[in-house]
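Colleague: There's a structure below that I have some questions on.
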Amino acid sequence: MNRVWRIGTNWGGQDVLPLFKKYKIAFAGKEIANTFKNIKPGDLICITKGQEIVAIGKAGSLKKLDQIDPFFIKKYNSVTAVMLTDLFLKDDYTNIDFGEYGGRGRQFTQSHGDYVQLINSNYLKILSMQTSEEIIKILRQKNQIILQGPPGTGKTRMAESIAKQLTSPNNISEEDILRIVSLGLTIKSTNGKVKYEVVAMSNNHLDYQRDSTGNNGRLNFSDIIKAYSSRKWESSEISGGSGPYSAAFAKYIYENYESDKVKIIQFHPAYSYEDLVRGITVKSEGDRISYETQNRILAEFATEAYANQVNSSKNLKDYSIEKYIEGKINEYVEYLSELLDDEDSEEPQLTKAIRITEIEDNAFKFHGTSWYDRLKFDQIRRMFLLGLRTSSDIRDTPGFVKTVYRRIPYYVSILDKIRTKFPEIDQIPGELTKKEELNNYVLIIDEINRANLPSVLGELIYALEYRNKKVNSMYAIDGENTLILPKNLFIIGTMNTSDRSVGHIDYAIRRRFAFVEILPEILQIENFQKSAFEKVSDLFISNYNEYEKNKNTELKPSALLNEEFRPEDVWLGHSYFIASDEEFKIRRKYEIVPILKEYIKDGILKDLDKTWEVIKELSK
């Protein structure tokens, strides 16, 4: 944990915080000049105004004030200033509780206990926020990134966190609360110190019990909804009334909201284009075998994202008419489903000889005597939107998928049947639908470099760079073989840089992805086995002490590391060392020691006595 020092902003009645901000420094009067000698690079500086903490910084070098800017000679004494490598102002981080300085009487002092932990915790929170914000900024610009680093650095966890930030809804409903919060659920307060158990629930409120007092309370869903929309759990002001409780439940809902706009897959050497994009599925129909082209996860997800992108840009009246027609078609689908489930009912007929036998996710399936085909819901919807009724109407209208023009009689039949059941379908709805919001969609590809990427991606190598443009697929669906990757679809890959058994990523693909390094870091948290982390780190880098003070330090390889390898690629990550003492005994023996031995076997670590000393010490 970093040492923490305090510096006040008052200089003879003047607030010098603007100077601290302008020059990225902190300084105080001559009376504490000797104290400055104890400040080391990497120590944290807490800047206070009275008792209020107004900024947190990290110490770099020490300089005389007049060496920084000559104007200081006229206005201030020539005291020593701390050059800051980081300076975070409270006003820029309103969602973090900076708290107040607990010590009194001394202008500049080293602190201890909970206060030091608070400053360290807030400093790490801000760094984490900055990392996420930077990655999201890159992702919005590039649309696809790869988080790369050695094993155990939390790349997948980071990807999931970023996906949540991009896709979590801005608002929730009472239905969301009822879906995520259940009777008997126990959650923690926003500071993690108190637990609340749900002891009763209704359609618009819940009752909870505090474990610290045993007292019961009631919380209206409207308060939770307000707390969620304002991200109240991130605020430093949540005290009073229902604030702490609504913030705690809103935070729980945010963390446990499962979005259908995030999908995660993992690549492996056998992964193919047909697994990711589009391929042929073999189906058995009685004694017949059929072959169908189907969209796989990426093409399916891209189609959904593109539809959202298009819908969100539509005129509200046009969109309302579309949703109205879509609702009527869905009602007809339910009506036919009941007929198909009724054993005494005749199957719905399209013609005297042709009947609908099945309803799929996106089409009516109909059969002849020895063949079958489909009527697509989206094509039916478009026909209603255009007011088409006859065969010539459809034949003379361009823009349908190619297979529509070969099935015109059957489409005319289904249009007639839906109009007979719902004659009002051609009327303009009186009420407008709420406009569809533009959403983000995130596909996480874990271990992205384990597959043969040029083969797996195919023509999508082009589509990754040219979003919203059609590319031709090697497979066609309904006579159409084009695909579009929309701008609201983001792809996050993760890559383990220590694995040399996997394929090389060629330059054409590298140019389309932004690469972000996720490296090991020292965690100032409970149950972090820092001593073991330091021992293992010494196998890979020779300047661990410098790195501990500033994680942006350029890493210098250890003499124990093979010269062919960068420490950034193979150094064991921090997640291996997050465990209680009892849990770490198992992790050390069955995870850390085996991978270090494998590193020796693969020539990553040199087979030297010093290497084995560390391994033997860890094995004890």
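Residues are referred to by chain and number: the chain letter is A, B, ... according to the order shown in the structure tokens, the number counts from 1 in that chain, and ligands are numbered separately from 1 in the order shown.
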Find the residues near stretch 392-403 of chain A: any atom within 9 Å, counting only C-alpha atoms, skip ones fewer than 6 places away on the same chain, and give them as a list of chain:residue names.

Modeller: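 What passes the distance filter is A:Gln379, A:Arg382, A:Met383, A:Tyr411, A:Val412, A:Ile477, A:Asp478, A:Gly479, A:Glu480.
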
Colleague: Please, could you write that set of residues out with C-alpha atoms as a short mmCIF file (atom, residue, chain, number, x, y, z; two decimals), in the first residue's frame?

Modeller:
```
data_model
loop_
_atom_site.label_atom_id
_atom_site.label_comp_id
_atom_site.auth_asym_id
_atom_site.auth_seq_id
_atom_site.Cartn_x
_atom_site.Cartn_y
_atom_site.Cartn_z
CA GLN A 379 -41.16 -9.97 -46.10
CA ARG A 382 -43.02 -5.17 -45.86
CA MET A 383 -45.89 -6.22 -48.14
CA TYR A 411 -47.46 -14.94 -50.10
CA VAL A 412 -50.73 -13.63 -51.61
CA ILE A 477 -29.98 -17.10 -47.46
CA ASP A 478 -33.24 -16.70 -49.43
CA GLY A 479 -31.18 -15.94 -52.49
CA GLU A 480 -29.30 -13.08 -50.78
#
```

Colleague: Among stretch 391-594 of chain A, which residues does DSSP mark as strand (DSSP E) when it is run on the backbone? Keep the chain and numbering as in the structure and answer as a ChimeraX atom specification.

Modeller: /A:441-446,470-477,480-484,489-496,514-517

Colleague: Residues at most 12 Å from A:Glu52, counting only C-alpha atoms, excluding those fewer than 6 positions away in the same chain, as a list in words?

Modeller: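 Once the nearby chain positions are removed, what remains is Arg6, Ile7, Gly8, Thr9, Cys46, Leu89, Lys90, Asp97, Phe98, Gly99, Glu100, Tyr101, Gly102, Gly103 and Arg104 of chain A.
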
Colleague: Write to file, as a compact mmCIF listing (two decimals), in the first residue's frame, the residues of the selection just made, with all heavy atoms.

Modeller:
```
# COMPACT_ATOMS: atom_id res chain seq x y z
N ARG A 6 -0.28 14.55 3.39
CA ARG A 6 -1.28 15.60 3.20
C ARG A 6 -0.62 16.94 2.97
O ARG A 6 0.36 17.30 3.64
CB ARG A 6 -2.19 15.72 4.42
CG ARG A 6 -3.26 16.80 4.25
CD ARG A 6 -4.15 16.91 5.48
NE ARG A 6 -3.51 17.67 6.54
CZ ARG A 6 -3.72 18.96 6.79
NH1 ARG A 6 -4.55 19.65 6.02
NH2 ARG A 6 -3.13 19.56 7.79
N ILE A 7 -1.18 17.70 2.03
CA ILE A 7 -0.76 19.09 1.81
C ILE A 7 -2.01 19.94 1.72
O ILE A 7 -2.94 19.61 0.97
CB ILE A 7 0.07 19.24 0.52
CG1 ILE A 7 1.39 18.48 0.65
CG2 ILE A 7 0.33 20.70 0.21
CD1 ILE A 7 2.28 18.57 -0.56
N GLY A 8 -2.06 21.04 2.47
CA GLY A 8 -3.19 21.96 2.42
C GLY A 8 -3.05 22.93 1.26
O GLY A 8 -1.96 23.14 0.72
N THR A 9 -4.17 23.54 0.87
CA THR A 9 -4.15 24.49 -0.26
C THR A 9 -4.07 25.94 0.19
O THR A 9 -4.09 26.85 -0.65
CB THR A 9 -5.42 24.32 -1.12
OG1 THR A 9 -6.56 24.72 -0.34
CG2 THR A 9 -5.60 22.89 -1.59
N CYS A 46 -2.32 13.67 -0.66
CA CYS A 46 -3.70 14.05 -0.44
C CYS A 46 -3.74 15.56 -0.24
O CYS A 46 -3.07 16.10 0.63
CB CYS A 46 -4.22 13.33 0.79
SG CYS A 46 -5.76 13.97 1.39
N LEU A 89 -8.72 15.67 -9.39
CA LEU A 89 -9.49 16.64 -8.61
C LEU A 89 -10.88 16.12 -8.30
O LEU A 89 -11.55 15.51 -9.16
CB LEU A 89 -9.60 17.96 -9.39
CG LEU A 89 -8.25 18.66 -9.60
CD1 LEU A 89 -8.24 19.49 -10.85
CD2 LEU A 89 -7.92 19.51 -8.39
N LYS A 90 -11.33 16.37 -7.10
CA LYS A 90 -12.64 15.89 -6.64
C LYS A 90 -13.75 16.33 -7.58
O LYS A 90 -14.67 15.56 -7.88
CB LYS A 90 -12.90 16.42 -5.23
CG LYS A 90 -14.27 16.04 -4.66
CD LYS A 90 -14.48 16.64 -3.29
CE LYS A 90 -15.86 16.26 -2.75
NZ LYS A 90 -16.08 16.82 -1.41
N ASP A 97 -16.49 9.08 -3.49
CA ASP A 97 -16.52 9.75 -2.19
C ASP A 97 -15.10 9.99 -1.71
O ASP A 97 -14.44 9.10 -1.21
CB ASP A 97 -17.28 8.87 -1.19
CG ASP A 97 -17.41 9.53 0.17
OD1 ASP A 97 -17.02 10.72 0.29
OD2 ASP A 97 -17.89 8.87 1.11
N PHE A 98 -14.59 11.22 -1.90
CA PHE A 98 -13.23 11.55 -1.48
C PHE A 98 -13.11 11.62 0.04
O PHE A 98 -12.03 11.45 0.59
CB PHE A 98 -12.82 12.89 -2.09
CG PHE A 98 -12.20 12.77 -3.46
CD1 PHE A 98 -12.85 12.11 -4.49
CD2 PHE A 98 -10.96 13.32 -3.74
CE1 PHE A 98 -12.30 11.99 -5.75
CE2 PHE A 98 -10.38 13.21 -5.00
CZ PHE A 98 -11.06 12.55 -6.00
N GLY A 99 -14.21 11.92 0.72
CA GLY A 99 -14.19 11.96 2.18
C GLY A 99 -13.52 13.21 2.73
O GLY A 99 -13.27 14.18 2.01
N GLU A 100 -13.21 13.18 4.02
CA GLU A 100 -12.54 14.29 4.69
C GLU A 100 -11.28 13.80 5.37
O GLU A 100 -11.17 12.63 5.74
CB GLU A 100 -13.48 14.94 5.72
CG GLU A 100 -14.65 15.66 5.10
CD GLU A 100 -15.36 16.55 6.10
OE1 GLU A 100 -15.07 16.42 7.30
OE2 GLU A 100 -16.19 17.38 5.67
N TYR A 101 -10.35 14.73 5.57
CA TYR A 101 -9.08 14.40 6.21
C TYR A 101 -9.30 14.17 7.70
O TYR A 101 -9.89 15.00 8.38
CB TYR A 101 -8.08 15.53 5.97
CG TYR A 101 -6.80 15.39 6.74
CD1 TYR A 101 -6.01 14.26 6.58
CD2 TYR A 101 -6.39 16.37 7.64
CE1 TYR A 101 -4.83 14.12 7.27
CE2 TYR A 101 -5.21 16.24 8.34
CZ TYR A 101 -4.43 15.11 8.16
OH TYR A 101 -3.27 14.97 8.85
N GLY A 102 -8.82 13.04 8.18
CA GLY A 102 -9.06 12.68 9.58
C GLY A 102 -8.10 13.28 10.58
O GLY A 102 -8.38 13.33 11.78
N GLY A 103 -6.93 13.75 10.13
CA GLY A 103 -5.96 14.30 11.07
C GLY A 103 -6.17 15.78 11.28
O GLY A 103 -6.66 16.50 10.42
N ARG A 104 -5.78 16.29 12.43
CA ARG A 104 -5.96 17.70 12.73
C ARG A 104 -4.64 18.29 13.23
O ARG A 104 -3.80 17.58 13.75
CB ARG A 104 -7.03 17.91 13.79
CG ARG A 104 -8.43 17.56 13.29
CD ARG A 104 -9.46 17.76 14.39
NE ARG A 104 -10.78 17.43 13.91
CZ ARG A 104 -11.58 18.29 13.30
NH1 ARG A 104 -11.17 19.53 13.11
NH2 ARG A 104 -12.77 17.92 12.89
```

Colleague: Within 8 Å of A:Val516, counting only C-alpha atoms, which residues qualify if same-chain residues fewer than 6 places away don't, as a PyMOL selection string?

Modeller: chain A and resi 135+145-148

Colleague: Restricting the calculation to only C-alpha atoms: of A:Glu459, A:Glu436, A:Glu568, A:Glu304, which residue gets closest to A:Tyr273?

Modeller: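 Among A:Glu459, A:Glu436, A:Glu568, A:Glu304, it is A:Glu459 that comes nearest to A:Tyr273.
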
Colleague: What lies within 12 Å of A:Leu219 using only C-alpha atoms, ignoring chain neighbours under 2 positions off, as a ChimeraX atom specification?

Modeller: /A:177,196,198-209,216-217,221-227,241-250

Colleague: Within 10 Å of stretch 583-592 of chain A, which residues of stretch 495-532 of chain A come that close, and what is the closest atom pair and distance in Å for each? Count only C-alpha atoms and give it as JSON lines.

Modeller:
```
{"residue": "A:Asn527", "atom": "CA", "partner": "A:Phe584", "partner_atom": "CA", "distance": 9.2}
{"residue": "A:Phe528", "atom": "CA", "partner": "A:Phe584", "partner_atom": "CA", "distance": 9.6}
{"residue": "A:Gln529", "atom": "CA", "partner": "A:Phe584", "partner_atom": "CA", "distance": 8.0}
{"residue": "A:Ala532", "atom": "CA", "partner": "A:Arg588", "partner_atom": "CA", "distance": 9.0}
```

Colleague: Kindly export the residues of the current selection with N, CA and C atoms, as an mmCIF file, in the first residue's frame.

Modeller:
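selection16.cif, freshly written:
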```
data_model
loop_
_atom_site.group_PDB
_atom_site.id
_atom_site.type_symbol
_atom_site.label_atom_id
_atom_site.label_comp_id
_atom_site.auth_asym_id
_atom_site.auth_seq_id
_atom_site.Cartn_x
_atom_site.Cartn_y
_atom_site.Cartn_z
ATOM 1 N N ASN A 527 -6.767 -9.684 0.810
ATOM 2 C CA ASN A 527 -6.494 -11.012 0.245
ATOM 3 C C ASN A 527 -5.649 -10.979 -1.027
ATOM 4 N N PHE A 528 -4.861 -9.919 -1.204
ATOM 5 C CA PHE A 528 -3.893 -9.937 -2.305
ATOM 6 C C PHE A 528 -2.554 -10.384 -1.743
ATOM 7 N N GLN A 529 -2.016 -11.495 -2.270
ATOM 8 C CA GLN A 529 -0.784 -12.090 -1.749
ATOM 9 C C GLN A 529 0.420 -11.350 -2.339
ATOM 10 N N ALA A 532 4.108 -13.029 -2.371
ATOM 11 C CA ALA A 532 4.286 -14.042 -3.417
ATOM 12 C C ALA A 532 4.333 -13.388 -4.793
#
```

Colleague: In Å to one decimal, how far is atom CA of A:Tyr475 from atom CA of A:Thr281?

Modeller: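 Straight-line distance from atom CA of A:Thr281 to atom CA of A:Tyr475 works out to 11.7 Å.
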
Colleague: Write down as a VMD selection string the residues of stretch 9-109 of chain A whose backbone DSSP state falls under alpha helix (DSSP H).

Modeller: chain A and resid 17 to 23 33 to 36 65 to 68 72 to 75

Colleague: Now that the selection is made, can you save its residues with C-alpha atoms as a PDB file, in the first residue's frame?

Modeller:
```pdb
ATOM      1  CA  LEU A  17      -5.190  24.725  -5.729  1.00  0.00           C
ATOM      2  CA  PRO A  18      -5.379  26.449  -9.159  1.00  0.00           C
ATOM      3  CA  LEU A  19      -1.557  26.553  -9.185  1.00  0.00           C
ATOM      4  CA  PHE A  20      -1.363  22.884  -8.202  1.00  0.00           C
ATOM      5  CA  LYS A  21      -3.663  22.101 -11.112  1.00  0.00           C
ATOM      6  CA  LYS A  22      -1.838  24.315 -13.625  1.00  0.00           C
ATOM      7  CA  TYR A  23       1.672  23.039 -12.856  1.00  0.00           C
ATOM      8  CA  ALA A  33      10.752  21.608   4.298  1.00  0.00           C
ATOM      9  CA  ASN A  34      12.479  18.772   6.179  1.00  0.00           C
ATOM     10  CA  THR A  35       9.372  16.631   5.888  1.00  0.00           C
ATOM     11  CA  PHE A  36       9.614  16.811   2.116  1.00  0.00           C
ATOM     12  CA  LEU A  65       9.525  26.089  -6.706  1.00  0.00           C
ATOM     13  CA  ASP A  66      11.413  28.750  -8.638  1.00  0.00           C
ATOM     14  CA  GLN A  67      12.909  26.070 -10.895  1.00  0.00           C
ATOM     15  CA  ILE A  68       9.412  25.210 -12.091  1.00  0.00           C
ATOM     16  CA  PHE A  72       7.259  32.010  -8.162  1.00  0.00           C
ATOM     17  CA  ILE A  73      10.347  33.977  -6.960  1.00  0.00           C
ATOM     18  CA  LYS A  74       8.323  37.184  -6.646  1.00  0.00           C
ATOM     19  CA  LYS A  75       5.236  35.691  -5.061  1.00  0.00           C
TER      20      LYS A  75
END
```

Colleague: For A:Met495, list every protein, DNA or RNA residue within 10 Å, evaluated using only C-alpha atoms, and leave out those in the same chain fewer than 3 positions away; present the list as a PyMOL selection string.

Modeller: chain A and resi 146-151+155-156+445-450+498-499+515+517-518

Colleague: What separation in Å, quoted to one decimal, exists between atom CA of A:Leu605 and atom CA of A:Thr153?

Modeller: 19.2 Å

Colleague: May I have the residues within 12 Å of A:Ser161 as a list in words, using only C-alpha atoms and disregarding those fewer than 5 positions away in the same chain?

Modeller: Ser128, Met129, Thr131, Ser132, Glu133, Ile135, Ile136, Gly154, Lys155, Thr156, Leu166, Thr167, Ser168, Tyr254, Glu255, Asn256, Val262, Val442, Ile444 and Ile492 of chain A

Colleague: Now that the selection is made, can you save its residues with all heavy atoms as a compact mmCIF listing (two decimals), in the first residue's frame?

Modeller:
```txt
# COMPACT_ATOMS: atom_id res chain seq x y z
N SER A 128 -8.72 2.80 -12.48
CA SER A 128 -9.54 1.79 -13.16
C SER A 128 -10.56 2.47 -14.07
O SER A 128 -10.79 2.04 -15.21
CB SER A 128 -10.25 0.92 -12.13
OG SER A 128 -11.09 -0.01 -12.76
N MET A 129 -11.18 3.54 -13.58
CA MET A 129 -12.15 4.29 -14.38
C MET A 129 -11.48 4.85 -15.63
O MET A 129 -12.03 4.80 -16.73
CB MET A 129 -12.74 5.44 -13.56
CG MET A 129 -13.76 5.01 -12.52
SD MET A 129 -14.20 6.37 -11.43
CE MET A 129 -14.74 7.61 -12.60
N THR A 131 -8.83 3.72 -17.16
CA THR A 131 -8.52 2.62 -18.09
C THR A 131 -9.76 2.24 -18.89
O THR A 131 -9.71 2.12 -20.12
CB THR A 131 -7.99 1.40 -17.32
OG1 THR A 131 -6.82 1.76 -16.61
CG2 THR A 131 -7.67 0.26 -18.28
N SER A 132 -10.89 2.07 -18.20
CA SER A 132 -12.14 1.70 -18.88
C SER A 132 -12.56 2.79 -19.86
O SER A 132 -12.97 2.50 -20.99
CB SER A 132 -13.25 1.46 -17.86
OG SER A 132 -12.98 0.32 -17.09
N GLU A 133 -12.48 4.04 -19.41
CA GLU A 133 -12.88 5.16 -20.28
C GLU A 133 -12.01 5.23 -21.53
O GLU A 133 -12.50 5.49 -22.63
CB GLU A 133 -12.81 6.47 -19.50
CG GLU A 133 -13.91 6.63 -18.46
CD GLU A 133 -13.66 7.79 -17.51
OE1 GLU A 133 -12.64 8.49 -17.71
OE2 GLU A 133 -14.46 7.98 -16.58
N ILE A 135 -10.36 2.71 -22.94
CA ILE A 135 -10.67 1.56 -23.82
C ILE A 135 -11.98 1.80 -24.56
O ILE A 135 -12.09 1.53 -25.76
CB ILE A 135 -10.72 0.26 -23.00
CG1 ILE A 135 -9.31 -0.10 -22.48
CG2 ILE A 135 -11.28 -0.89 -23.84
CD1 ILE A 135 -9.28 -1.27 -21.54
N ILE A 136 -13.00 2.32 -23.86
CA ILE A 136 -14.29 2.60 -24.51
C ILE A 136 -14.12 3.66 -25.59
O ILE A 136 -14.72 3.57 -26.67
CB ILE A 136 -15.32 3.03 -23.46
CG1 ILE A 136 -15.71 1.82 -22.59
CG2 ILE A 136 -16.57 3.62 -24.12
CD1 ILE A 136 -16.59 2.15 -21.41
N GLY A 154 -6.82 -10.58 -16.05
CA GLY A 154 -8.22 -10.17 -16.02
C GLY A 154 -8.74 -9.60 -17.33
O GLY A 154 -9.61 -8.72 -17.33
N LYS A 155 -8.25 -10.12 -18.45
CA LYS A 155 -8.65 -9.57 -19.75
C LYS A 155 -10.14 -9.84 -20.03
O LYS A 155 -10.85 -8.95 -20.49
CB LYS A 155 -7.78 -10.18 -20.86
CG LYS A 155 -6.30 -9.85 -20.72
CD LYS A 155 -5.47 -10.54 -21.79
CE LYS A 155 -5.33 -12.03 -21.55
NZ LYS A 155 -4.58 -12.38 -20.33
N THR A 156 -10.58 -11.06 -19.76
CA THR A 156 -11.98 -11.39 -20.01
C THR A 156 -12.89 -10.60 -19.07
O THR A 156 -13.94 -10.10 -19.47
CB THR A 156 -12.21 -12.90 -19.82
OG1 THR A 156 -11.33 -13.62 -20.69
CG2 THR A 156 -13.65 -13.28 -20.15
N LEU A 166 -21.26 -0.45 -21.85
CA LEU A 166 -21.78 -0.05 -23.16
C LEU A 166 -23.24 -0.42 -23.38
O LEU A 166 -23.94 0.23 -24.16
CB LEU A 166 -20.94 -0.67 -24.28
CG LEU A 166 -19.56 -0.06 -24.53
CD1 LEU A 166 -18.75 -0.94 -25.46
CD2 LEU A 166 -19.69 1.34 -25.11
N THR A 167 -23.70 -1.47 -22.71
CA THR A 167 -25.03 -2.01 -23.03
C THR A 167 -26.06 -1.89 -21.91
O THR A 167 -27.24 -2.13 -22.17
CB THR A 167 -24.92 -3.50 -23.42
OG1 THR A 167 -24.38 -4.24 -22.32
CG2 THR A 167 -24.04 -3.67 -24.64
N SER A 168 -25.63 -1.56 -20.70
CA SER A 168 -26.61 -1.48 -19.61
C SER A 168 -27.64 -0.40 -19.92
O SER A 168 -27.29 0.70 -20.36
CB SER A 168 -25.91 -1.15 -18.29
OG SER A 168 -25.16 -2.25 -17.85
N TYR A 254 -27.95 -3.25 -11.43
CA TYR A 254 -26.97 -2.92 -12.48
C TYR A 254 -25.96 -4.05 -12.67
O TYR A 254 -25.65 -4.45 -13.80
CB TYR A 254 -26.24 -1.63 -12.12
CG TYR A 254 -25.10 -1.29 -13.06
CD1 TYR A 254 -25.34 -0.67 -14.28
CD2 TYR A 254 -23.78 -1.60 -12.73
CE1 TYR A 254 -24.30 -0.38 -15.16
CE2 TYR A 254 -22.74 -1.30 -13.59
CZ TYR A 254 -23.00 -0.69 -14.80
OH TYR A 254 -21.97 -0.41 -15.66
N GLU A 255 -25.45 -4.58 -11.56
CA GLU A 255 -24.41 -5.61 -11.63
C GLU A 255 -24.96 -6.95 -12.11
O GLU A 255 -24.20 -7.79 -12.60
CB GLU A 255 -23.74 -5.77 -10.25
CG GLU A 255 -22.91 -4.56 -9.86
CD GLU A 255 -22.35 -4.65 -8.45
OE1 GLU A 255 -22.85 -5.51 -7.67
OE2 GLU A 255 -21.45 -3.87 -8.11
N ASN A 256 -26.25 -7.17 -11.95
CA ASN A 256 -26.82 -8.48 -12.29
C ASN A 256 -27.80 -8.42 -13.47
O ASN A 256 -28.48 -9.40 -13.75
CB ASN A 256 -27.54 -9.07 -11.07
CG ASN A 256 -26.57 -9.46 -9.97
OD1 ASN A 256 -26.03 -10.55 -9.97
ND2 ASN A 256 -26.36 -8.55 -9.04
N VAL A 262 -25.22 -8.56 -25.27
CA VAL A 262 -23.84 -9.00 -25.07
C VAL A 262 -23.78 -10.50 -25.29
O VAL A 262 -24.57 -11.25 -24.71
CB VAL A 262 -23.33 -8.67 -23.65
CG1 VAL A 262 -21.90 -9.18 -23.47
CG2 VAL A 262 -23.39 -7.17 -23.38
N VAL A 442 -22.43 -5.91 -28.19
CA VAL A 442 -21.02 -6.26 -27.96
C VAL A 442 -20.83 -7.76 -28.07
O VAL A 442 -21.49 -8.54 -27.37
CB VAL A 442 -20.53 -5.78 -26.58
CG1 VAL A 442 -19.05 -6.12 -26.40
CG2 VAL A 442 -20.74 -4.27 -26.41
N ILE A 444 -18.00 -10.53 -27.46
CA ILE A 444 -16.69 -10.80 -26.86
C ILE A 444 -16.17 -12.12 -27.42
O ILE A 444 -16.86 -13.14 -27.35
CB ILE A 444 -16.80 -10.88 -25.32
CG1 ILE A 444 -17.32 -9.56 -24.75
CG2 ILE A 444 -15.45 -11.24 -24.70
CD1 ILE A 444 -17.63 -9.60 -23.26
N ILE A 492 -14.92 -7.21 -29.00
CA ILE A 492 -13.79 -7.18 -28.06
C ILE A 492 -13.16 -8.57 -28.04
O ILE A 492 -13.82 -9.54 -27.65
CB ILE A 492 -14.22 -6.80 -26.63
CG1 ILE A 492 -14.99 -5.47 -26.63
CG2 ILE A 492 -13.01 -6.71 -25.72
CD1 ILE A 492 -15.53 -5.08 -25.27
```
